[in-house]
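Chemist: Quick one, model_39.csv (CSV, C-alpha atoms):
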```
chain,number,residue,atom,x,y,z
A,2,MET,CA,6.8,-10.1,-25.9
A,3,VAL,CA,7.6,-12.0,-22.6
A,4,PRO,CA,4.4,-13.0,-20.8
A,5,ILE,CA,4.0,-11.4,-17.4
A,6,THR,CA,4.8,-13.8,-14.6
A,7,THR,CA,4.7,-13.6,-10.8
A,8,LEU,CA,8.4,-12.6,-10.9
A,9,HIS,CA,7.6,-9.3,-12.7
A,10,TYR,CA,5.1,-8.3,-10.0
A,11,LEU,CA,7.7,-9.3,-7.3
A,12,VAL,CA,10.3,-7.0,-8.9
A,13,VAL,CA,7.9,-4.1,-9.1
A,14,ALA,CA,6.9,-4.7,-5.4
A,15,ALA,CA,10.6,-4.8,-4.4
A,16,ALA,CA,11.2,-1.4,-6.2
A,17,LEU,CA,8.2,0.1,-4.4
A,18,PHE,CA,9.4,-1.3,-1.1
A,19,ALA,CA,12.9,0.1,-1.6
A,20,LEU,CA,11.5,3.5,-2.4
A,21,GLY,CA,9.4,3.4,0.8
A,22,VAL,CA,12.5,2.4,2.9
A,23,ILE,CA,14.5,5.3,1.3
A,24,GLY,CA,11.7,7.7,2.2
A,25,VAL,CA,11.5,6.5,5.8
A,26,LEU,CA,15.2,6.6,6.3
A,27,THR,CA,16.0,9.9,4.6
A,28,ARG,CA,13.1,12.4,4.7
A,29,ARG,CA,12.8,14.9,7.6
A,30,ASN,CA,9.1,15.6,7.2
A,31,VAL,CA,7.0,13.3,9.4
A,32,VAL,CA,4.0,13.4,7.0
A,33,ILE,CA,6.1,12.2,4.1
A,34,VAL,CA,7.6,9.5,6.3
A,35,LEU,CA,4.1,8.2,7.0
A,36,MET,CA,3.4,8.3,3.2
A,37,ALA,CA,6.5,6.2,2.6
A,38,ILE,CA,5.2,3.7,5.1
A,39,GLU,CA,2.0,3.5,3.0
A,40,LEU,CA,4.3,2.8,0.0
A,41,ILE,CA,5.9,-0.1,1.9
A,42,LEU,CA,2.5,-1.6,2.8
A,43,ASN,CA,1.4,-1.3,-0.8
A,44,ALA,CA,4.4,-3.2,-2.0
A,45,VAL,CA,3.6,-6.0,0.5
A,46,ASN,CA,0.0,-6.0,-0.7
A,47,LEU,CA,1.1,-6.4,-4.3
A,48,ASN,CA,3.2,-9.4,-3.4
A,49,LEU,CA,0.3,-11.0,-1.6
A,50,VAL,CA,-2.1,-10.5,-4.5
A,51,ALA,CA,0.4,-11.8,-7.0
A,52,PHE,CA,1.0,-15.0,-4.9
A,53,SER,CA,-2.8,-15.3,-4.6
A,54,ARG,CA,-3.0,-15.5,-8.4
A,55,MET,CA,0.0,-17.8,-8.6
A,56,TRP,CA,-1.6,-20.4,-6.2
A,57,GLY,CA,-5.1,-19.9,-7.5
A,58,ASN,CA,-6.8,-19.3,-4.2
A,59,LEU,CA,-8.0,-16.2,-2.4
A,60,HIS,CA,-6.1,-16.3,0.8
A,61,GLY,CA,-3.6,-13.7,-0.4
A,62,GLN,CA,-6.4,-11.3,-1.4
A,63,LEU,CA,-7.9,-11.7,2.1
A,64,PHE,CA,-4.6,-10.9,3.7
A,65,ALA,CA,-4.3,-7.8,1.5
A,66,ILE,CA,-7.7,-6.6,2.7
A,67,PHE,CA,-6.6,-7.0,6.3
A,68,ILE,CA,-3.4,-5.1,5.6
A,69,VAL,CA,-5.5,-2.2,4.2
A,70,VAL,CA,-7.4,-2.2,7.5
A,71,ASP,CA,-4.1,-2.1,9.4
A,72,ALA,CA,-2.9,0.7,7.2
A,73,ALA,CA,-6.0,2.8,7.9
A,74,ALA,CA,-5.5,2.3,11.7
A,75,GLU,CA,-1.8,3.1,11.4
A,76,ALA,CA,-2.5,6.3,9.4
A,77,ALA,CA,-5.1,7.5,11.9
A,78,VAL,CA,-3.0,6.9,15.0
A,79,GLY,CA,0.2,8.2,13.4
A,80,LEU,CA,-1.4,11.4,12.2
A,81,GLY,CA,-3.1,11.8,15.6
A,82,ILE,CA,0.4,11.6,17.3
A,83,LEU,CA,1.7,14.1,14.7
A,84,ILE,CA,-1.0,16.6,15.5
A,85,ALA,CA,-0.5,16.2,19.2
A,86,PHE,CA,3.2,16.7,18.7
A,87,PHE,CA,2.7,19.7,16.5
A,88,ARG,CA,0.5,21.4,19.1
A,89,ASN,CA,3.3,21.0,21.6
A,90,LYS,CA,6.5,21.8,19.7
A,91,GLU,CA,5.3,23.7,16.5
A,92,THR,CA,7.3,21.5,14.2
A,93,ILE,CA,6.9,18.4,12.1
A,94,ASN,CA,10.6,17.9,11.6
A,95,ILE,CA,11.7,14.4,12.5
A,96,ASP,CA,15.2,15.6,13.7
A,97,GLU,CA,13.6,17.8,16.4
A,98,ILE,CA,11.5,15.0,17.8
A,99,ASP,CA,14.0,14.0,20.5
A,100,LEU,CA,12.1,14.3,23.7
A,101,LEU,CA,12.8,10.7,24.7
A,102,LYS,CA,16.4,10.8,23.6
A,103,TRP,CA,18.8,10.8,26.5
B,27,MET,CA,-22.6,-9.2,-21.5
B,28,ASN,CA,-22.3,-10.8,-18.1
B,29,PRO,CA,-19.5,-13.4,-18.1
B,30,ALA,CA,-21.1,-15.2,-15.2
B,31,MET,CA,-24.0,-16.1,-17.3
B,32,ASN,CA,-22.0,-18.0,-19.9
B,33,PRO,CA,-18.8,-19.3,-18.3
B,34,GLY,CA,-17.7,-21.0,-21.5
B,35,VAL,CA,-16.9,-17.6,-23.1
B,36,VAL,CA,-14.5,-16.6,-20.4
B,37,GLY,CA,-11.9,-19.3,-21.2
B,38,ASN,CA,-11.9,-18.6,-24.9
B,39,MET,CA,-11.7,-14.8,-24.8
B,40,ALA,CA,-8.3,-13.3,-25.5
B,41,PRO,CA,-7.0,-11.6,-22.4
B,42,VAL,CA,-7.5,-7.9,-22.6
B,43,ALA,CA,-4.6,-7.2,-20.2
B,44,THR,CA,-1.6,-7.3,-22.5
B,45,PRO,CA,2.0,-7.0,-21.1
B,46,TRP,CA,1.9,-3.3,-22.2
B,47,PHE,CA,-0.6,-2.5,-19.5
B,48,PHE,CA,1.6,-4.1,-16.9
B,49,TYR,CA,4.7,-2.1,-18.0
B,50,VAL,CA,2.8,1.2,-18.2
B,51,LEU,CA,1.1,0.7,-14.7
B,52,ALA,CA,4.4,-0.5,-13.1
B,53,GLY,CA,6.4,2.4,-14.6
B,54,LEU,CA,3.7,4.8,-13.4
B,55,ALA,CA,3.7,3.3,-9.9
B,56,VAL,CA,7.5,3.4,-9.5
B,57,ALA,CA,7.9,6.9,-11.1
B,58,SER,CA,5.2,8.5,-8.8
B,59,GLY,CA,6.6,6.6,-5.9
B,60,LEU,CA,9.9,8.3,-6.6
B,61,ALA,CA,8.0,11.6,-6.7
B,62,VAL,CA,6.5,10.8,-3.3
B,63,ILE,CA,9.8,10.7,-1.5
B,64,THR,CA,11.5,13.5,-3.4
B,65,ARG,CA,9.0,16.3,-3.6
B,66,ARG,CA,9.6,19.3,-1.3
B,67,ASN,CA,5.9,20.2,-1.0
B,68,ALA,CA,3.9,17.6,1.0
B,69,VAL,CA,0.7,18.2,-1.0
B,70,HIS,CA,2.6,17.3,-4.2
B,71,ALA,CA,3.9,14.2,-2.5
B,72,ALA,CA,0.3,13.3,-1.5
B,73,LEU,CA,-1.0,13.7,-5.1
B,74,ALA,CA,1.9,11.5,-6.4
B,75,LEU,CA,1.0,8.9,-3.8
B,76,ILE,CA,-2.6,8.9,-5.1
B,77,VAL,CA,-1.2,8.2,-8.6
B,78,THR,CA,0.8,5.3,-7.1
B,79,LEU,CA,-2.2,3.9,-5.4
B,80,LEU,CA,-4.4,4.0,-8.5
B,81,SER,CA,-1.7,2.3,-10.6
B,82,VAL,CA,-1.3,-0.4,-8.0
B,83,ALA,CA,-5.1,-0.8,-8.1
B,84,GLY,CA,-4.8,-1.3,-11.9
B,85,LEU,CA,-2.2,-4.0,-11.2
B,86,TYR,CA,-4.6,-5.7,-8.9
B,87,LEU,CA,-7.2,-5.8,-11.7
B,88,MET,CA,-4.6,-7.5,-13.9
B,89,LEU,CA,-4.2,-10.1,-11.1
B,90,TYR,CA,-7.9,-11.0,-11.1
B,91,ALA,CA,-8.5,-9.2,-7.8
B,92,PRO,CA,-11.3,-6.7,-8.6
B,93,PHE,CA,-12.5,-6.5,-5.0
B,94,VAL,CA,-9.1,-5.7,-3.6
B,95,ALA,CA,-8.7,-3.1,-6.4
B,96,GLY,CA,-12.0,-1.5,-5.4
B,97,VAL,CA,-11.0,-1.5,-1.7
B,98,GLN,CA,-7.7,0.1,-2.7
B,99,ILE,CA,-9.4,2.9,-4.5
B,100,ILE,CA,-12.2,3.5,-2.0
B,101,VAL,CA,-10.2,3.1,1.3
B,102,TYR,CA,-6.7,4.2,0.3
B,103,ALA,CA,-7.2,6.8,-2.4
B,104,GLY,CA,-10.5,7.9,-1.0
B,105,GLY,CA,-10.2,7.7,2.8
B,106,ILE,CA,-6.6,7.6,3.9
B,107,MET,CA,-5.4,10.2,1.4
B,108,VAL,CA,-8.1,12.6,2.5
B,109,LEU,CA,-6.9,12.1,6.1
B,110,PHE,CA,-3.3,12.9,5.0
B,111,LEU,CA,-4.3,16.0,3.1
B,112,PHE,CA,-6.3,17.3,6.1
B,113,VAL,CA,-3.3,16.8,8.3
B,114,ILE,CA,-1.0,18.5,5.8
B,115,MET,CA,-3.4,21.5,5.8
B,116,LEU,CA,-3.5,21.5,9.6
B,117,VAL,CA,0.3,21.6,10.2
B,118,ASN,CA,2.1,24.5,8.6
B,119,ILE,CA,3.9,23.5,5.4
B,120,GLU,CA,5.6,26.9,4.8
B,121,ARG,CA,8.3,26.3,7.3
B,122,ALA,CA,8.8,22.6,6.3
B,123,SER,CA,9.0,23.5,2.6
B,124,LYS,CA,11.9,25.9,3.3
B,125,GLU,CA,14.0,23.5,5.2
B,126,ARG,CA,16.3,20.8,3.9
B,127,ARG,CA,14.4,17.8,2.6
B,128,PHE,CA,16.8,15.0,3.6
B,129,ASN,CA,18.5,14.4,6.9
B,130,ARG,CA,22.3,14.2,7.2
B,131,MET,CA,22.4,10.4,6.9
B,132,TRP,CA,20.7,10.3,3.5
B,133,PRO,CA,23.6,8.6,1.6
B,134,VAL,CA,23.7,5.8,4.1
B,135,GLY,CA,19.9,5.3,3.8
B,136,LEU,CA,20.1,5.4,0.1
B,137,VAL,CA,22.9,2.8,-0.2
B,138,ALA,CA,21.2,0.6,2.4
B,139,SER,CA,17.9,0.6,0.6
B,140,CYS,CA,19.4,0.0,-2.8
B,141,ALA,CA,21.3,-2.9,-1.3
B,142,LEU,CA,18.1,-4.2,0.2
B,143,MET,CA,16.4,-4.0,-3.2
B,144,GLY,CA,19.3,-5.8,-4.9
B,145,LEU,CA,19.2,-8.5,-2.3
B,146,LEU,CA,15.5,-9.0,-2.8
B,147,ILE,CA,15.7,-9.1,-6.6
B,148,SER,CA,18.7,-11.4,-6.7
B,149,ALA,CA,16.9,-13.7,-4.2
B,150,PHE,CA,13.8,-13.7,-6.5
B,151,ILE,CA,15.9,-14.5,-9.6
B,152,LYS,CA,18.1,-17.2,-7.9
B,153,GLY,CA,15.0,-18.8,-6.4
B,154,ARG,CA,12.8,-18.5,-9.4
B,155,ALA,CA,12.0,-22.2,-9.2
B,156,LEU,CA,9.9,-21.4,-6.2
B,157,PHE,CA,7.7,-19.1,-8.3
B,158,PRO,CA,6.2,-21.3,-11.1
B,159,ASP,CA,5.4,-19.5,-14.3
B,160,ARG,CA,1.8,-20.6,-14.3
B,161,MET,CA,-0.7,-17.8,-13.7
B,162,VAL,CA,-4.0,-19.2,-12.6
B,163,ALA,CA,-7.0,-17.4,-14.0
B,164,LEU,CA,-9.2,-16.8,-11.0
B,165,PRO,CA,-12.9,-16.5,-11.7
B,166,GLU,CA,-13.4,-12.7,-11.8
B,167,ALA,CA,-17.1,-12.4,-11.8
B,168,SER,CA,-17.6,-14.3,-8.5
B,169,ASN,CA,-14.6,-12.8,-6.8
B,170,THR,CA,-16.6,-10.6,-4.4
B,171,GLN,CA,-18.9,-13.5,-3.5
B,172,GLN,CA,-15.9,-15.8,-2.7
B,173,VAL,CA,-14.2,-13.1,-0.6
B,174,ALA,CA,-17.4,-12.5,1.3
B,175,ALA,CA,-17.8,-16.3,1.9
B,176,MET,CA,-14.3,-16.4,3.4
B,177,LEU,CA,-14.8,-13.3,5.4
B,178,TYR,CA,-18.4,-13.8,6.7
B,179,GLY,CA,-18.9,-17.6,6.2
B,180,GLU,CA,-21.7,-19.1,4.3
B,181,ALA,CA,-24.6,-21.4,5.0
B,182,GLY,CA,-24.5,-20.7,8.7
B,183,LYS,CA,-20.9,-21.7,9.1
B,184,MET,CA,-18.0,-19.4,10.0
B,185,GLY,CA,-15.6,-18.5,7.2
B,186,ALA,CA,-11.9,-19.0,7.5
B,187,TYR,CA,-11.4,-15.4,8.3
B,188,THR,CA,-14.5,-14.5,10.3
B,189,PHE,CA,-12.7,-14.3,13.6
B,190,ALA,CA,-9.9,-12.2,12.1
B,191,PHE,CA,-12.5,-9.9,10.6
B,192,GLU,CA,-14.1,-9.3,14.1
B,193,ILE,CA,-10.6,-8.6,15.6
B,194,ALA,CA,-10.0,-6.1,12.7
B,195,SER,CA,-13.1,-4.2,13.6
B,196,LEU,CA,-11.9,-4.0,17.2
B,197,LEU,CA,-8.6,-2.8,16.0
B,198,LEU,CA,-10.3,0.0,14.0
B,199,LEU,CA,-12.3,1.0,17.0
B,200,VAL,CA,-9.2,1.2,19.2
B,201,ALA,CA,-7.4,3.2,16.5
B,202,ILE,CA,-10.3,5.7,16.2
B,203,LEU,CA,-10.5,6.2,20.0
B,204,GLY,CA,-6.7,6.6,20.2
B,205,ALA,CA,-6.7,9.2,17.4
B,206,VAL,CA,-9.6,11.2,18.9
B,207,ILE,CA,-8.0,11.2,22.4
B,208,MET,CA,-4.6,12.2,21.1
B,209,THR,CA,-5.9,15.1,19.0
B,210,LYS,CA,-8.2,16.5,21.6
B,211,LYS,CA,-6.9,19.5,23.5
B,212,LYS,CA,-8.6,18.7,26.8
B,213,ILE,CA,-10.1,15.3,27.7
```
Just give me the structure as structure tokens.

Modeler:
Amino acid sequence: MVPITTLHYLVVAAALFALGVIGVLTRRNVVIVLMAIELILNAVNLNLVAFSRMWGNLHGQLFAIFIVVDAAAEAAVGLGILIAFFRNKETINIDEIDLLKW
Amino acid sequence: MNPAMNPGVVGNMAPVATPWFFYVLAGLAVASGLAVITRRNAVHAALALIVTLLSVAGLYLMLYAPFVAGVQIIVYAGGIMVLFLFVIMLVNIERASKERRFNRMWPVGLVASCALMGLLISAFIKGRALFPDRMVALPEASNTQQVAAMLYGEAGKMGAYTFAFEIASLLLLVAILGAVIMTKKKI
């Protein structure tokens, strides 16, 4: 059995990142787009923690904690925008959010 | 038995985390991540995202990061996902669940994302000399203390990340104010 190295974790994180990008680019439901952004942030966190173990210090884990804080702020503001928008236009479809489009 | 009490034992113990754990957790994370972006019902997607978050927390445990794993479970799977579920219940999902799931440009997005993943993985494999195979065993029992020392400082001195920690609290305050103001009907 091959021992698990940093490269294994990086490949898993790349797969999660690609899944998140697919979700952001293709889904029409804004809530699911926000969830896909959470997937992307989780992939980045996994990379940081794997590098933290590779170098044997804790800076990567600290960065991961700060990214969790950022994710919480981003989810709160994004969902607030979503509710304000739903109150005005009665839809959460991303194709119909074109008020600023010329 | 507390490993911190007799540190000699830690080095000699056979690692509990075998490669099987890694493959199971990684497969679970990727499979439920796939479910997140394909489910028609947003509640099902949220539940699949919780499974992804929990398996990533398990991967953090395998990487000797128990504090980050705990934060992941408490903040992500506990806090942020409850926020998501509340918003899903607030906006109507009946209409959204009857519409098309993907936009018209979905083949382009799919191809572009798969190309991005292929680029990343080929870069990792070509540059694997940059990622040495050594995996340092970090001290697990004192992980939280070390993280706290870097966040808050110790012995009266500021830690490496104390200033960033204060800025993060400010960021959360601004985000809470923004969310409240945007969701209020009348200010």

Chemist: CA of Phe18 in chain A and CA of Ile41 in chain A are how many Å apart?

Modeler: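 Distance reported for this atom pair: 4.8 Å.
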
Chemist: Draw an axis-aligned box tight on the listed atoms of range 18-29 of chain A, then pad every side by 5 Å and write out centre and edge lengths in Å to one decimal as AutoDock Vina command-line options.

Modeler:
```
--center_x 12.7 --center_y 6.8 --center_z 2.6 --size_x 16.6 --size_y 26.2 --size_z 20.0
```

Chemist: Return as a ChimeraX atom specification the residues belonging to chain B that are within 6 Å of chain A, counting only C-alpha atoms.

Modeler: /B:63,127-129,132,135-136,139,143,159,161-162,198,201,205,208-209

Chemist: Write out the residues from the selection above, keeping C-alpha atoms, as a PDB file, keeping the file's coordinate frame.

Modeler:
```pdb
ATOM      1  CA  ILE B  63       9.800  10.700  -1.500  1.00  0.00           C
ATOM      2  CA  ARG B 127      14.400  17.800   2.600  1.00  0.00           C
ATOM      3  CA  PHE B 128      16.800  15.000   3.600  1.00  0.00           C
ATOM      4  CA  ASN B 129      18.500  14.400   6.900  1.00  0.00           C
ATOM      5  CA  TRP B 132      20.700  10.300   3.500  1.00  0.00           C
ATOM      6  CA  GLY B 135      19.900   5.300   3.800  1.00  0.00           C
ATOM      7  CA  LEU B 136      20.100   5.400   0.100  1.00  0.00           C
ATOM      8  CA  SER B 139      17.900   0.600   0.600  1.00  0.00           C
ATOM      9  CA  MET B 143      16.400  -4.000  -3.200  1.00  0.00           C
ATOM     10  CA  ASP B 159       5.400 -19.500 -14.300  1.00  0.00           C
ATOM     11  CA  MET B 161      -0.700 -17.800 -13.700  1.00  0.00           C
ATOM     12  CA  VAL B 162      -4.000 -19.200 -12.600  1.00  0.00           C
ATOM     13  CA  LEU B 198     -10.300   0.000  14.000  1.00  0.00           C
ATOM     14  CA  ALA B 201      -7.400   3.200  16.500  1.00  0.00           C
ATOM     15  CA  ALA B 205      -6.700   9.200  17.400  1.00  0.00           C
ATOM     16  CA  MET B 208      -4.600  12.200  21.100  1.00  0.00           C
ATOM     17  CA  THR B 209      -5.900  15.100  19.000  1.00  0.00           C
TER      18      THR B 209
END
```

Chemist: Of the candidates B:Leu79, B:Val134, B:Ile147, B:Ile114, which one gets nearest to Asn67 in chain B if we count all atoms listed in the file?

Modeler: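 The closest residue to Asn67 in chain B is B:Ile114.
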
Chemist: As an exercise, work out the distance from CA of Thr44 in chain B to CA of Leu80 in chain B in Å and give it to one decimal place.

Modeler: 18.2 Å

Chemist: For CA of Gly59 in chain B and CA of Gly84 in chain B, determine how far apart the two atoms are, in Å to one decimal place.

Modeler: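 Spanning CA of Gly59 in chain B to CA of Gly84 in chain B is a straight-line distance of 15.1 Å.
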
Chemist: Hey, which of A:Asn48, A:Lys102, A:Ile38, A:Lys90 ends up closest to Leu85 in chain B? Count all atoms listed in the file.

Modeler: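 Closest to Leu85 in chain B, using all atoms listed in the file: A:Asn48.
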
Chemist: Please determine, counting only C-alpha atoms, which residue among B:Ala194, B:Leu54, B:Leu142, B:Ala186 has the shortest atom-to-atom distance to Thr78 in chain B.

Modeler: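 Ranked by minimum distance to Thr78 in chain B, first place goes to B:Leu54.
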